[in-house]
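As stored in final_19.txt (compact mmCIF, C-alpha atoms and all ligand atoms):
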# COMPACT_ATOMS: atom_id res chain seq x y z
CA MET A 77 15.27 10.51 -25.32
CA ASN A 78 11.90 9.66 -26.84
CA THR A 79 9.69 6.80 -25.69
CA LYS A 80 11.08 4.28 -28.17
CA GLU A 81 14.68 5.04 -27.21
CA ILE A 82 13.90 4.69 -23.48
CA LEU A 83 12.03 1.41 -24.06
CA ASP A 84 14.80 -0.05 -26.23
CA MET A 85 17.58 0.85 -23.81
CA SER A 86 15.58 -0.41 -20.83
CA ASP A 87 14.84 -3.73 -22.51
CA GLN A 88 18.53 -4.13 -23.33
CA TYR A 89 19.97 -3.25 -19.93
CA LEU A 90 17.30 -3.89 -17.30
CA MET A 91 16.31 -7.27 -15.92
CA ARG A 92 12.82 -8.26 -16.96
CA ASN A 93 11.69 -8.66 -13.38
CA VAL A 94 8.40 -6.83 -13.95
CA GLY A 95 5.99 -6.85 -16.87
CA ARG A 96 6.53 -3.28 -18.01
CA ILE A 97 3.86 -1.26 -19.79
CA PRO A 98 5.33 0.54 -22.83
CA LEU A 99 5.01 4.03 -21.35
CA ALA A 100 7.83 6.28 -20.16
CA PRO A 101 6.64 9.07 -17.86
CA VAL A 102 9.06 11.98 -17.59
CA ARG A 103 7.10 14.72 -15.81
CA GLY A 104 4.18 15.01 -13.42
CA GLU A 105 2.10 17.69 -11.79
CA GLY A 106 -0.89 17.02 -9.56
CA ALA A 107 -2.94 14.22 -11.11
CA LEU A 108 -1.35 14.73 -14.52
CA LEU A 109 1.57 12.85 -16.03
CA TRP A 110 3.39 13.36 -19.32
CA ASP A 111 5.34 10.74 -21.24
CA ALA A 112 8.59 11.19 -23.15
CA ASP A 113 6.67 11.96 -26.35
CA GLY A 114 4.64 14.69 -24.66
CA LYS A 115 1.37 12.76 -24.34
CA GLU A 116 -0.72 13.71 -21.28
CA TYR A 117 -2.38 11.27 -18.89
CA LEU A 118 -4.77 11.54 -15.96
CA ASP A 119 -3.00 9.37 -13.41
CA PHE A 120 -5.32 7.10 -11.41
CA VAL A 121 -2.46 4.79 -10.44
CA SER A 122 -0.32 7.42 -8.66
CA GLY A 123 2.80 5.28 -8.44
CA ILE A 124 0.62 2.59 -6.82
CA ALA A 125 -0.90 4.69 -4.05
CA VAL A 126 2.37 6.56 -3.47
CA ASN A 127 1.70 9.99 -4.95
CA SER A 128 -1.26 10.71 -2.71
CA LEU A 129 -0.63 14.45 -2.88
CA GLY A 130 -0.27 14.28 -6.66
CA HIS A 131 3.00 14.49 -8.53
CA CYS A 132 5.72 16.85 -7.35
CA HIS A 133 3.67 18.54 -4.64
CA PRO A 134 5.37 21.92 -4.02
CA ALA A 135 5.57 21.36 -0.24
CA VAL A 136 7.41 18.06 -0.76
CA VAL A 137 9.65 19.44 -3.50
CA ASP A 138 10.54 22.37 -1.28
CA ALA A 139 11.28 20.20 1.77
CA ILE A 140 13.49 17.86 -0.27
CA THR A 141 15.34 20.80 -1.84
CA ARG A 142 15.95 22.52 1.48
CA GLN A 143 17.04 19.34 3.27
CA ALA A 144 19.29 18.27 0.36
CA LYS A 145 21.24 21.49 0.77
CA LYS A 146 21.68 20.87 4.52
CA LEU A 147 22.27 17.14 5.03
CA ILE A 148 21.22 14.29 2.72
CA HIS A 149 22.36 11.32 4.73
CA CYS A 150 23.99 10.43 7.99
CA SER A 151 24.18 7.16 9.87
CA ASN A 152 21.59 5.89 12.32
CA LEU A 153 24.55 5.64 14.70
CA TYR A 154 23.64 9.28 15.38
CA TYR A 155 20.50 11.19 16.29
CA ILE A 156 18.59 12.69 13.33
CA GLU A 157 16.25 15.64 13.92
CA PRO A 158 13.72 15.07 11.09
CA GLN A 159 13.54 11.39 12.11
CA ALA A 160 12.63 12.30 15.68
CA LEU A 161 9.99 14.75 14.43
CA LEU A 162 8.48 12.18 12.05
CA ALA A 163 8.42 9.49 14.73
CA LYS A 164 6.64 11.91 17.10
CA PHE A 165 4.09 12.74 14.40
CA LEU A 166 3.34 9.11 13.53
CA VAL A 167 3.14 8.04 17.17
CA GLU A 168 0.74 10.86 18.00
CA GLN A 169 -1.44 10.20 14.97
CA SER A 170 -1.53 6.41 15.24
CA GLY A 171 -1.83 5.94 18.98
CA LEU A 172 1.06 3.46 18.96
CA SER A 173 4.17 4.09 21.05
CA LYS A 174 7.37 4.00 19.04
CA ALA A 175 8.56 3.92 15.43
CA PHE A 176 11.28 2.25 13.37
CA PHE A 177 12.13 3.59 9.91
CA CYS A 178 13.16 1.70 6.79
CA ASN A 179 12.89 2.24 3.05
CA SER A 180 9.91 0.25 1.81
CA GLY A 181 6.76 -1.63 2.69
CA ALA A 182 8.45 -5.02 2.49
CA GLU A 183 11.13 -3.86 4.92
CA ALA A 184 8.48 -2.51 7.29
CA ASN A 185 6.73 -5.89 7.29
CA GLU A 186 10.05 -7.74 7.61
CA ALA A 187 10.76 -5.63 10.69
CA ALA A 188 7.27 -6.32 12.05
CA ILE A 189 7.76 -10.08 11.65
CA LYS A 190 11.15 -9.93 13.40
CA LEU A 191 9.75 -7.83 16.24
CA ALA A 192 6.76 -10.15 16.74
CA ARG A 193 8.96 -13.27 16.76
CA LYS A 194 11.40 -11.81 19.26
CA HIS A 195 8.58 -10.53 21.47
CA ALA A 196 6.86 -13.95 21.59
CA LYS A 197 10.11 -15.76 22.33
CA LEU A 198 11.02 -13.42 25.18
CA LYS A 199 7.56 -13.16 26.67
CA PHE A 200 6.18 -16.67 26.07
CA SER A 201 8.22 -19.50 24.58
CA PRO A 202 10.79 -20.22 21.85
CA ASP A 203 8.12 -22.25 20.00
CA LYS A 204 5.66 -19.40 19.65
CA VAL A 205 6.80 -18.45 16.15
CA GLU A 206 3.86 -18.89 13.80
CA ILE A 207 2.56 -15.98 11.72
CA ILE A 208 -0.96 -16.26 10.31
CA THR A 209 -1.79 -14.25 7.18
CA ALA A 210 -4.68 -14.23 4.73
CA TRP A 211 -5.05 -15.75 1.30
CA GLN A 212 -4.85 -13.04 -1.38
CA SER A 213 -2.80 -10.83 0.92
CA PHE A 214 0.26 -8.93 -0.25
CA HIS A 215 3.09 -8.04 2.11
CA GLY A 216 6.16 -7.51 -0.09
CA ARG A 217 8.90 -9.21 -2.08
CA THR A 218 11.64 -10.19 0.36
CA LEU A 219 11.83 -13.89 1.17
CA ALA A 220 9.97 -13.53 4.46
CA THR A 221 7.35 -11.19 3.01
CA ILE A 222 6.62 -13.31 -0.09
CA THR A 223 6.12 -16.12 2.38
CA ALA A 224 3.77 -13.94 4.42
CA THR A 225 1.99 -13.08 1.17
CA GLY A 226 -0.89 -15.53 0.71
CA GLN A 227 -0.47 -15.86 -3.07
CA THR A 228 1.63 -18.73 -4.38
CA LYS A 229 2.45 -16.90 -7.63
CA TYR A 230 4.86 -14.65 -5.71
CA GLN A 231 6.56 -17.61 -4.01
CA LYS A 232 7.04 -19.98 -6.91
CA GLY A 233 10.67 -20.62 -7.83
CA PHE A 234 12.13 -19.05 -4.70
CA GLU A 235 11.87 -22.04 -2.37
CA PRO A 236 12.93 -22.97 0.25
CA LEU A 237 10.80 -20.35 1.98
CA PRO A 238 11.21 -19.37 5.64
CA GLU A 239 9.20 -21.54 8.00
CA GLY A 240 6.37 -20.66 10.32
CA PHE A 241 3.74 -19.08 8.08
CA LYS A 242 0.11 -20.18 7.82
CA TYR A 243 -2.74 -18.90 5.66
CA VAL A 244 -6.45 -18.51 6.22
CA PRO A 245 -9.29 -17.23 4.03
CA PHE A 246 -9.82 -13.46 4.47
CA ASN A 247 -12.93 -12.28 6.33
CA ASP A 248 -13.57 -15.80 7.69
CA LEU A 249 -13.52 -15.66 11.48
CA ASP A 250 -14.23 -19.37 11.92
CA ALA A 251 -11.16 -20.23 9.84
CA MET A 252 -9.06 -17.91 12.00
CA GLU A 253 -10.42 -19.51 15.15
CA GLN A 254 -9.48 -22.95 13.78
CA SER A 255 -5.95 -21.84 12.89
CA ILE A 256 -4.89 -19.66 15.79
CA GLY A 257 -3.42 -21.29 18.88
CA PRO A 258 -0.65 -21.25 21.45
CA ALA A 259 2.00 -21.47 18.68
CA THR A 260 0.68 -18.30 17.02
CA CYS A 261 3.04 -15.42 17.45
CA ALA A 262 1.13 -12.90 15.31
CA VAL A 263 -1.67 -12.37 12.82
CA LEU A 264 -0.75 -10.09 9.92
CA LEU A 265 -3.59 -8.52 7.91
CA GLU A 266 -4.36 -5.66 5.55
CA PRO A 267 -7.64 -3.91 6.52
CA VAL A 268 -8.28 -3.69 2.77
CA GLN A 269 -6.35 -6.11 0.57
CA GLY A 270 -4.95 -3.91 -2.19
CA GLU A 271 -2.94 -6.10 -4.55
CA GLY A 272 -5.22 -9.06 -3.78
CA GLY A 273 -8.25 -7.44 -5.43
CA VAL A 274 -9.45 -4.54 -3.22
CA ASN A 275 -11.07 -6.81 -0.63
CA VAL A 276 -12.46 -4.87 2.32
CA ALA A 277 -12.37 -6.48 5.77
CA THR A 278 -15.61 -6.43 7.73
CA ARG A 279 -15.72 -4.80 11.14
CA ALA A 280 -16.87 -8.03 12.79
CA TYR A 281 -13.88 -9.83 11.28
CA LEU A 282 -11.20 -7.45 12.53
CA GLU A 283 -12.86 -7.16 15.94
CA GLY A 284 -13.08 -10.94 16.15
CA VAL A 285 -9.46 -11.42 15.08
CA LYS A 286 -8.34 -8.93 17.72
CA MET A 287 -10.20 -10.93 20.40
CA LEU A 288 -8.70 -14.21 19.19
CA CYS A 289 -5.23 -12.65 19.26
CA ARG A 290 -5.76 -11.52 22.87
CA GLU A 291 -6.99 -14.97 23.92
CA ASN A 292 -3.99 -16.65 22.34
CA GLY A 293 -1.25 -14.21 23.34
CA ALA A 294 -0.68 -13.37 19.68
CA LEU A 295 0.08 -9.90 18.34
CA LEU A 296 -2.13 -8.22 15.76
CA ILE A 297 -0.18 -6.60 12.93
CA PHE A 298 -1.94 -4.31 10.45
CA ASP A 299 -0.17 -3.83 7.13
CA GLU A 300 -1.36 -0.37 6.17
CA VAL A 301 1.36 0.14 3.59
CA GLN A 302 -1.33 0.76 0.97
CA THR A 303 -4.40 1.63 3.07
CA GLY A 304 -2.69 4.04 5.45
CA LEU A 305 -2.12 7.79 5.31
CA GLY A 306 -5.46 8.98 4.00
CA ARG A 307 -6.02 6.50 1.19
CA THR A 308 -9.30 5.15 2.58
CA GLY A 309 -10.66 8.50 3.74
CA GLN A 310 -9.26 8.22 7.26
CA PHE A 311 -5.66 8.82 8.35
CA LEU A 312 -5.45 5.05 8.93
CA ALA A 313 -7.89 2.45 7.65
CA LEU A 314 -8.04 0.97 11.15
CA GLN A 315 -10.03 4.07 12.20
CA HIS A 316 -12.96 2.77 10.14
CA TYR A 317 -12.94 -0.29 12.40
CA GLY A 318 -11.95 1.01 15.82
CA VAL A 319 -9.55 -1.91 16.16
CA GLU A 320 -6.07 -1.16 17.54
CA PRO A 321 -3.19 -3.34 16.35
CA ASP A 322 -0.03 -4.06 18.34
CA ILE A 323 2.12 -3.35 15.30
CA LEU A 324 1.42 -1.16 12.28
CA THR A 325 3.36 -0.89 9.02
CA LEU A 326 3.37 2.07 6.63
CA ALA A 327 5.22 3.02 3.46
CA LYS A 328 3.89 3.92 0.00
CA ALA A 329 2.47 7.46 0.52
CA LEU A 330 4.61 8.29 3.55
CA GLY A 331 7.35 10.20 1.75
CA GLY A 332 5.16 12.03 -0.78
CA GLY A 333 6.96 9.97 -3.46
CA PHE A 334 10.29 9.67 -1.68
CA PRO A 335 11.11 6.11 -0.49
CA ILE A 336 10.50 5.54 3.21
CA GLY A 337 8.76 2.89 5.31
CA ALA A 338 7.83 2.73 8.97
CA MET A 339 6.93 0.11 11.53
CA LEU A 340 5.22 1.23 14.73
CA ALA A 341 4.43 -0.77 17.83
CA THR A 342 2.73 -0.40 21.20
CA GLY A 343 4.78 0.14 24.35
CA ASP A 344 5.54 -3.33 25.59
CA VAL A 345 6.09 -4.69 22.07
CA ALA A 346 8.16 -1.70 20.92
CA GLY A 347 10.46 -2.25 23.91
CA THR A 348 11.45 -5.67 22.57
CA PHE A 349 14.12 -4.43 20.18
CA GLN A 350 17.42 -3.83 21.95
CA PRO A 351 20.50 -2.09 20.49
CA GLY A 352 21.84 -4.24 17.66
CA ASP A 353 18.62 -6.19 17.05
CA HIS A 354 17.61 -4.53 13.80
CA ALA A 355 18.79 -1.66 11.61
CA SER A 356 18.93 -0.11 8.16
CA THR A 357 21.66 2.06 6.66
CA PHE A 358 19.28 4.35 4.79
CA GLY A 359 16.16 3.87 6.92
CA GLY A 360 14.80 7.19 8.16
CA ASN A 361 17.63 9.26 6.76
CA PRO A 362 17.37 13.07 6.93
CA LEU A 363 16.19 13.54 3.33
CA ALA A 364 13.51 10.83 3.49
CA CYS A 365 12.18 12.08 6.81
CA ALA A 366 12.11 15.71 5.68
CA ALA A 367 10.09 14.66 2.62
CA ALA A 368 7.74 12.59 4.79
CA LEU A 369 7.25 15.37 7.33
CA ALA A 370 6.25 17.79 4.58
CA ALA A 371 3.95 15.20 2.97
CA MET A 372 2.29 14.34 6.27
CA GLU A 373 1.81 17.98 7.22
CA GLU A 374 0.15 18.66 3.87
CA LEU A 375 -1.99 15.53 4.23
CA LEU A 376 -3.34 16.58 7.62
CA LEU A 377 -3.52 20.34 7.31
CA GLY A 378 -4.47 20.56 3.65
CA GLY A 379 -7.86 18.88 4.07
CA VAL A 380 -6.65 16.06 1.84
CA ILE A 381 -8.13 13.18 3.86
CA LYS A 382 -11.60 14.74 4.00
CA ASN A 383 -11.35 15.24 0.26
CA ALA A 384 -10.39 11.58 -0.23
CA ALA A 385 -13.44 10.48 1.76
CA ALA A 386 -15.85 12.77 -0.10
CA VAL A 387 -14.48 12.28 -3.62
CA GLY A 388 -14.00 8.57 -2.93
CA ALA A 389 -17.67 8.17 -1.98
CA TYR A 390 -18.68 10.19 -5.05
CA MET A 391 -16.53 8.03 -7.30
CA GLN A 392 -17.74 4.76 -5.79
CA ASP A 393 -21.38 5.79 -6.28
CA LYS A 394 -20.72 6.89 -9.84
CA LEU A 395 -18.87 3.67 -10.63
CA LYS A 396 -21.74 1.60 -9.22
CA ASP A 397 -24.12 3.52 -11.43
CA LEU A 398 -21.94 3.20 -14.52
CA VAL A 399 -21.32 -0.54 -14.31
CA LYS A 400 -25.04 -1.38 -14.35
CA LYS A 401 -24.57 -1.11 -18.12
CA TYR A 402 -22.12 -3.98 -18.30
CA ASN A 403 -22.98 -7.64 -17.91
CA TYR A 404 -19.31 -8.47 -17.30
CA VAL A 405 -18.99 -6.53 -14.00
CA THR A 406 -19.70 -8.40 -10.78
CA GLU A 407 -18.93 -5.84 -8.08
CA VAL A 408 -17.68 -2.35 -7.25
CA ARG A 409 -16.00 -2.15 -3.86
CA GLY A 410 -13.44 -0.28 -1.78
CA LEU A 411 -12.94 2.43 0.80
CA GLY A 412 -12.16 6.07 0.13
CA LEU A 413 -9.95 6.32 -2.94
CA LEU A 414 -8.93 2.67 -3.00
CA LEU A 415 -11.56 1.32 -5.36
CA GLY A 416 -11.96 -1.86 -7.36
CA VAL A 417 -14.29 -3.05 -10.10
CA GLU A 418 -14.42 -6.83 -10.39
CA LEU A 419 -15.00 -8.31 -13.83
CA ILE A 420 -15.72 -11.77 -15.17
CA ILE A 421 -13.38 -10.98 -18.07
CA GLU A 422 -9.69 -10.02 -18.03
CA GLY A 423 -9.05 -6.38 -17.19
CA LYS A 424 -5.93 -5.92 -19.29
CA GLY A 425 -7.71 -4.75 -22.43
CA ILE A 426 -9.65 -2.10 -20.53
CA VAL A 427 -6.46 -0.82 -18.86
CA GLU A 428 -4.78 -0.57 -22.27
CA GLY A 429 -7.81 1.11 -23.82
CA CYS A 430 -7.88 3.71 -21.04
CA GLN A 431 -4.16 4.39 -21.43
CA GLU A 432 -4.65 4.92 -25.15
CA LYS A 433 -7.26 7.56 -24.30
CA GLY A 434 -5.13 9.26 -21.64
CA LEU A 435 -6.26 7.62 -18.39
CA LEU A 436 -3.94 5.47 -16.29
CA ILE A 437 -5.57 2.76 -14.16
CA ASN A 438 -4.33 -0.71 -13.32
CA CYS A 439 -5.64 -4.18 -12.83
CA VAL A 440 -5.00 -6.57 -9.94
CA ASN A 441 -5.60 -10.30 -9.83
CA GLY A 442 -6.16 -10.27 -13.58
CA ASN A 443 -9.80 -9.20 -13.31
CA VAL A 444 -10.14 -6.34 -10.82
CA LEU A 445 -9.72 -2.80 -12.17
CA ARG A 446 -8.12 -0.74 -9.42
CA PHE A 447 -8.46 3.02 -9.01
CA ILE A 448 -5.92 4.68 -6.70
CA PRO A 449 -5.74 8.32 -7.80
CA PRO A 450 -4.08 11.13 -5.86
CA LEU A 451 -6.19 12.01 -2.82
CA THR A 452 -6.23 15.60 -4.04
CA ILE A 453 -8.42 14.99 -7.11
CA ASN A 454 -11.81 16.68 -7.46
CA ARG A 455 -15.16 15.60 -8.85
CA GLN A 456 -14.35 16.92 -12.33
CA ASP A 457 -11.27 14.67 -12.44
CA VAL A 458 -13.51 11.72 -11.53
CA ASP A 459 -16.08 12.70 -14.15
CA LEU A 460 -13.39 12.89 -16.82
CA ALA A 461 -11.87 9.55 -15.79
CA LEU A 462 -15.25 7.83 -15.82
CA GLU A 463 -16.11 9.29 -19.22
CA ILE A 464 -12.97 7.71 -20.63
CA LEU A 465 -13.62 4.48 -18.76
CA GLU A 466 -17.16 4.31 -20.12
CA THR A 467 -16.04 4.80 -23.72
CA VAL A 468 -13.52 2.00 -23.30
CA MET A 469 -15.80 -0.36 -21.38
CA ASP A 470 -18.52 0.07 -24.05
CA GLY A 471 -16.21 -1.85 -26.38
CA PHE A 472 -16.14 -4.97 -24.21
CA GLN A 473 -18.64 -7.70 -23.44
CA ALA A 474 -18.85 -10.93 -21.48
CA ASN A 475 -17.21 -13.73 -23.43
C1 LIG A 501 3.03 -2.31 -1.76
C2 LIG A 501 2.75 -3.11 -0.56
C3 LIG A 501 3.79 -3.73 0.18
C4 LIG A 501 5.21 -3.73 -0.29
O1 LIG A 501 5.77 -2.46 -0.32
P1 LIG A 501 7.16 -2.22 -1.09
O2 LIG A 501 7.47 -0.78 -0.79
O3 LIG A 501 6.90 -2.48 -2.54
O4 LIG A 501 8.14 -3.15 -0.52
C5 LIG A 501 3.46 -4.38 1.34
N1 LIG A 501 2.19 -4.44 1.78
C6 LIG A 501 1.17 -3.86 1.10
C7 LIG A 501 -0.21 -3.95 1.65
C8 LIG A 501 1.42 -3.20 -0.09
O5 LIG A 501 0.41 -2.68 -0.78
Please express what this file holds, its structure, as C-alpha cells.
Ligand SMILES: *Cc1c(COP(=O)(O)O)cnc(C)c1O
Amino acid sequence: MNTKEILDMSDQYLMRNVGRIPLAPVRGEGALLWDADGKEYLDFVSGIAVNSLGHCHPAVVDAITRQAKKLIHCSNLYYIEPQALLAKFLVEQSGLSKAFFCNSGAEANEAAIKLARKHAKLKFSPDKVEIITAWQSFHGRTLATITATGQTKYQKGFEPLPEGFKYVPFNDLDAMEQSIGPATCAVLLEPVQGEGGVNVATRAYLEGVKMLCRENGALLIFDEVQTGLGRTGQFLALQHYGVEPDILTLAKALGGGFPIGAMLATGDVAGTFQPGDHASTFGGNPLACAAALAAMEELLLGGVIKNAAAVGAYMQDKLKDLVKKYNYVTEVRGLGLLLGVELIIEGKGIVEGCQEKGLLINCVNGNVLRFIPPLTINRQDVDLALEILETVMDGFQAN
C-alpha cells in the first residue's frame, strides 16, 4: 500500500482518538525511518522516547526472534525465566527491591497508585489516600492516570474521575509543603516533565519533596517512564539528583520497541502486594522480557548512556547557540537527549516544515519543540538535524 491508501483506510476504519500526522512509516534502521512512498526521515521522535537504541536494533530483533521460536506467552500463574532475569537486572540497577511487570507506562503508574494506597491503608490509616501530583505532569490515559495527570485537557469529558488526587505547581517546594499532610499517601512526580513541556526539576525541589514525604509518612513515586533508561544521560534521571524514591515506574524504552512496563518498589513497600492483589495477563510475558533484556544489555554494555550524555550536551549547546537568531524562542532546556525549545509562537508549523525536509521532531504543549532522538545518534546526526531545523526556523518570526 502507498501512503494515500494507508491514510484513507485508516481514516475509514480507525477511531480518531489521536490527531494523526499524514505519514505512514513502514521501515526503520537506526535513526532513519522510511515511509510507504520511500521517503527517508531522520527520526528525532523515536516512537516518543521508545526506540532509544534506534529502529530494529539487531540485538533486540535477534532476542525477539529467538524467544518467539521458544515460547511467546505463558501465564503469570507460572514462573517465567526471562521475567526473573529482567527483574534482577532492574532491581540491581535501580537500587529498589522488587519489580512488577505490565505493558505500558499508564499501567505501571496505575500499579504504583494501587500499591501506595494499599501500603498507606495497611501501615497508617484507611483515610491516608491522597496522591499529590504536579501541574503539567503526564502519567497516562487510564482513568486513574488521567486524574493523576495535572492537565485538565486529558480529563475533560471523562468525569467522574477517581477521587483523592491533588495538584501543585512543579518545582515549587512551598506549594508542596502547603499541600502535603497526614492524608497524603504519595507524591508522584516526573524528574523531567516530558509531555508537559520538558520541564526539569531542580535538585533542591526533589530533595525537599523527599524530606516532606518522610515527615508526612507519604511515599515518593518517580514516574521515569520517559526519563528512565538512559534518556537523560544517566541510567535513571534520579541519579542526577541523588534522591531515592519508594516507587519507580518505567516503560517506553524498556523493551527496545516492544511493549512492556515496570513498577519497582523498596522492600517494605514492595511487600504490600499479596497474592491476588494485582496482575496482568500479558505483563512481563516471555517475549516482552526477552526483548527488554536484550535492549537493557545493549544500553548498558554498548556505551549508549555515555553517548546520550555527551551528544545530548553537544546538542543542547548547539541549540542554545542556534536559537539566538530567533526572537520567538524563549528557552532551550532539558537533560541528556530529552530536549525542548520553548517558543512564543505555535510549534506546529516548524514540526511540519521539518517533516517536509526529512526530519521528524514533535511539539508538546503547543509551543515547545521536543527532541527525543535515539540515544545512539552521533554529532553528525545532530548537525544534520539542526541544519534542517535552522532552514525551517528561518521562515518563522514572532507574530
Ligand atoms: C508516555 C508516558 C506515560 C504513559 O505511558 P503509556 O505507555 O503511553 O501508557 C506515563 N508517564 C510518562 C512520564 C510518560 O512520558
> Residues around (12.0, 11.1, 4.9), cut-off 9 Å, counting only C-alpha atoms - what are they as a list in words?
Replying inline: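 With a cut-off of 9 Å, the residues come to Ile140, Pro158, Gln159, Leu162, Leu330, Gly331, Gly332, Phe334, Pro335, Ile336, Gly337, Gly359, Gly360, Asn361, Pro362, Leu363, Ala364, Cys365, Ala366, Ala367, Ala368, Leu369 and Ala370 of chain A.
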Quick one: write out the picked residues with C-alpha atoms as a PDB file, in the coordinates of the input?
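See result16.pdb below for the written result:
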ATOM      1  CA  ILE A 140      13.490  17.860  -0.270  1.00  0.00           C
ATOM      2  CA  PRO A 158      13.720  15.070  11.090  1.00  0.00           C
ATOM      3  CA  GLN A 159      13.540  11.390  12.110  1.00  0.00           C
ATOM      4  CA  LEU A 162       8.480  12.180  12.050  1.00  0.00           C
ATOM      5  CA  LEU A 330       4.610   8.290   3.550  1.00  0.00           C
ATOM      6  CA  GLY A 331       7.350  10.200   1.750  1.00  0.00           C
ATOM      7  CA  GLY A 332       5.160  12.030  -0.780  1.00  0.00           C
ATOM      8  CA  PHE A 334      10.290   9.670  -1.680  1.00  0.00           C
ATOM      9  CA  PRO A 335      11.110   6.110  -0.490  1.00  0.00           C
ATOM     10  CA  ILE A 336      10.500   5.540   3.210  1.00  0.00           C
ATOM     11  CA  GLY A 337       8.760   2.890   5.310  1.00  0.00           C
ATOM     12  CA  GLY A 359      16.160   3.870   6.920  1.00  0.00           C
ATOM     13  CA  GLY A 360      14.800   7.190   8.160  1.00  0.00           C
ATOM     14  CA  ASN A 361      17.630   9.260   6.760  1.00  0.00           C
ATOM     15  CA  PRO A 362      17.370  13.070   6.930  1.00  0.00           C
ATOM     16  CA  LEU A 363      16.190  13.540   3.330  1.00  0.00           C
ATOM     17  CA  ALA A 364      13.510  10.830   3.490  1.00  0.00           C
ATOM     18  CA  CYS A 365      12.180  12.080   6.810  1.00  0.00           C
ATOM     19  CA  ALA A 366      12.110  15.710   5.680  1.00  0.00           C
ATOM     20  CA  ALA A 367      10.090  14.660   2.620  1.00  0.00           C
ATOM     21  CA  ALA A 368       7.740  12.590   4.790  1.00  0.00           C
ATOM     22  CA  LEU A 369       7.250  15.370   7.330  1.00  0.00           C
ATOM     23  CA  ALA A 370       6.250  17.790   4.580  1.00  0.00           C
TER      24      ALA A 370
END
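Once only C-alpha atoms and all ligand atoms are used for the distance check, the residues close to ligand LIG 501 (chain A) at 6 Å turn out to be Ser180, Gly181, Ala182, Phe214, His215, Gly216, Glu266, Gly270, Asp299, Glu300, Val301, Gln302 and Lys328 of chain A.
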>> One number please: atom CA of A:Thr228 to atom CA of A:Leu295, in Å, one decimal.
In response: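 We find that atom CA of A:Thr228 and atom CA of A:Leu295 lie 24.4 Å from each other.
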> Smallest atom-to-atom distance to A:Ala385: which of A:Ile421, A:Leu265, A:Ala313, A:Leu436, using only C-alpha atoms?
Replying inline: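 With only C-alpha atoms as the atom set, the closest residue is A:Ala313.
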>> With only C-alpha atoms as the counted atoms, please give the residues lying no more than 8 Å from stretch 391-402 of chain A, apart from itself and same-chain residues fewer than 6 positions off, as a VMD selection string.
In response: chain A and resid 408 to 410 415 455 458 462 466 469 to 470 473
Please tabulate, as JSON lines, the residues of stretch 223-287 of chain A that come within 8 Å of stretch 202-213 of chain A, each with its closest pair of atoms and the distance in Å to one decimal, counting all atoms listed in the file and ordering rows by chain, then residue number upward.
{"residue": "A:Ala224", "atom": "CA", "partner": "A:Thr209", "partner_atom": "CA", "distance": 6.2}
{"residue": "A:Thr225", "atom": "CA", "partner": "A:Ser213", "partner_atom": "CA", "distance": 5.3}
{"residue": "A:Gly226", "atom": "CA", "partner": "A:Trp211", "partner_atom": "CA", "distance": 4.2}
{"residue": "A:Gln227", "atom": "CA", "partner": "A:Gln212", "partner_atom": "CA", "distance": 5.5}
{"residue": "A:Gly240", "atom": "CA", "partner": "A:Glu206", "partner_atom": "CA", "distance": 4.6}
{"residue": "A:Phe241", "atom": "CA", "partner": "A:Ile207", "partner_atom": "CA", "distance": 4.9}
{"residue": "A:Lys242", "atom": "CA", "partner": "A:Ile208", "partner_atom": "CA", "distance": 4.8}
{"residue": "A:Tyr243", "atom": "CA", "partner": "A:Thr209", "partner_atom": "CA", "distance": 5.0}
{"residue": "A:Val244", "atom": "CA", "partner": "A:Ala210", "partner_atom": "CA", "distance": 4.9}
{"residue": "A:Pro245", "atom": "CA", "partner": "A:Trp211", "partner_atom": "CA", "distance": 5.3}
{"residue": "A:Phe246", "atom": "CA", "partner": "A:Ala210", "partner_atom": "CA", "distance": 5.2}
{"residue": "A:Ser255", "atom": "CA", "partner": "A:Ile208", "partner_atom": "CA", "distance": 7.9}
{"residue": "A:Ile256", "atom": "CA", "partner": "A:Ile208", "partner_atom": "CA", "distance": 7.6}
{"residue": "A:Pro258", "atom": "CA", "partner": "A:Lys204", "partner_atom": "CA", "distance": 6.8}
{"residue": "A:Ala259", "atom": "CA", "partner": "A:Lys204", "partner_atom": "CA", "distance": 4.3}
{"residue": "A:Thr260", "atom": "CA", "partner": "A:Glu206", "partner_atom": "CA", "distance": 4.6}
{"residue": "A:Cys261", "atom": "CA", "partner": "A:Val205", "partner_atom": "CA", "distance": 5.0}
{"residue": "A:Ala262", "atom": "CA", "partner": "A:Ile207", "partner_atom": "CA", "distance": 4.9}
{"residue": "A:Val263", "atom": "CA", "partner": "A:Ile208", "partner_atom": "CA", "distance": 4.7}
{"residue": "A:Leu264", "atom": "CA", "partner": "A:Thr209", "partner_atom": "CA", "distance": 5.1}
{"residue": "A:Leu265", "atom": "CA", "partner": "A:Thr209", "partner_atom": "CA", "distance": 6.1}
{"residue": "A:Glu266", "atom": "CA", "partner": "A:Ser213", "partner_atom": "CA", "distance": 7.1}
{"residue": "A:Gln269", "atom": "CA", "partner": "A:Ser213", "partner_atom": "CA", "distance": 5.9}
{"residue": "A:Gly270", "atom": "CA", "partner": "A:Ser213", "partner_atom": "CA", "distance": 7.9}
{"residue": "A:Glu271", "atom": "CA", "partner": "A:Ser213", "partner_atom": "CA", "distance": 7.2}
{"residue": "A:Gly272", "atom": "CA", "partner": "A:Gln212", "partner_atom": "CA", "distance": 4.7}
{"residue": "A:Gly273", "atom": "CA", "partner": "A:Gln212", "partner_atom": "CA", "distance": 7.7}
>> I'd like the interatomic distance between atom CA of A:Gln315 and atom CA of A:Gly378, to a tenth of an Å.
In response: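 Going from atom CA of A:Gln315 over to atom CA of A:Gly378 covers 19.4 Å.
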> What gap, in Å, lies between atom CA of A:Asn438 and atom CA of A:Leu219?
Replying inline: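 So the two atoms, atom CA of A:Asn438 and atom CA of A:Leu219, lie 25.4 Å apart.
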>> Just checking: using all atoms listed in the file, which residue out of A:Asn403, A:Asn443, A:Ser201, A:Ser173 ends up closest to A:Gly343?
In response: A:Ser173
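Comparing the minimum interatomic distances between A:Lys164 and each of A:Ile464, A:Leu411, A:Leu377, A:Leu340, counting all atoms listed in the file, we find that A:Leu340 sits nearest.
Closest approach to A:Leu129 among A:Ile189, A:Val276, A:Val380, A:Ala112 is made by A:Val380 (distances from only C-alpha atoms).
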> Which residues, written as a list in words, have at least one atom at most 12 Å from A:Glu432, with all atoms listed in the file counted and residues fewer than 6 positions away on the same chain left out?
Replying inline: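 Near A:Glu432, the qualifying residues are Ile97, Pro98, Leu99, Lys115, Glu116, Tyr117, Leu118, Gly425, Ile426, Ile464, Leu465, Thr467 and Val468 of chain A.
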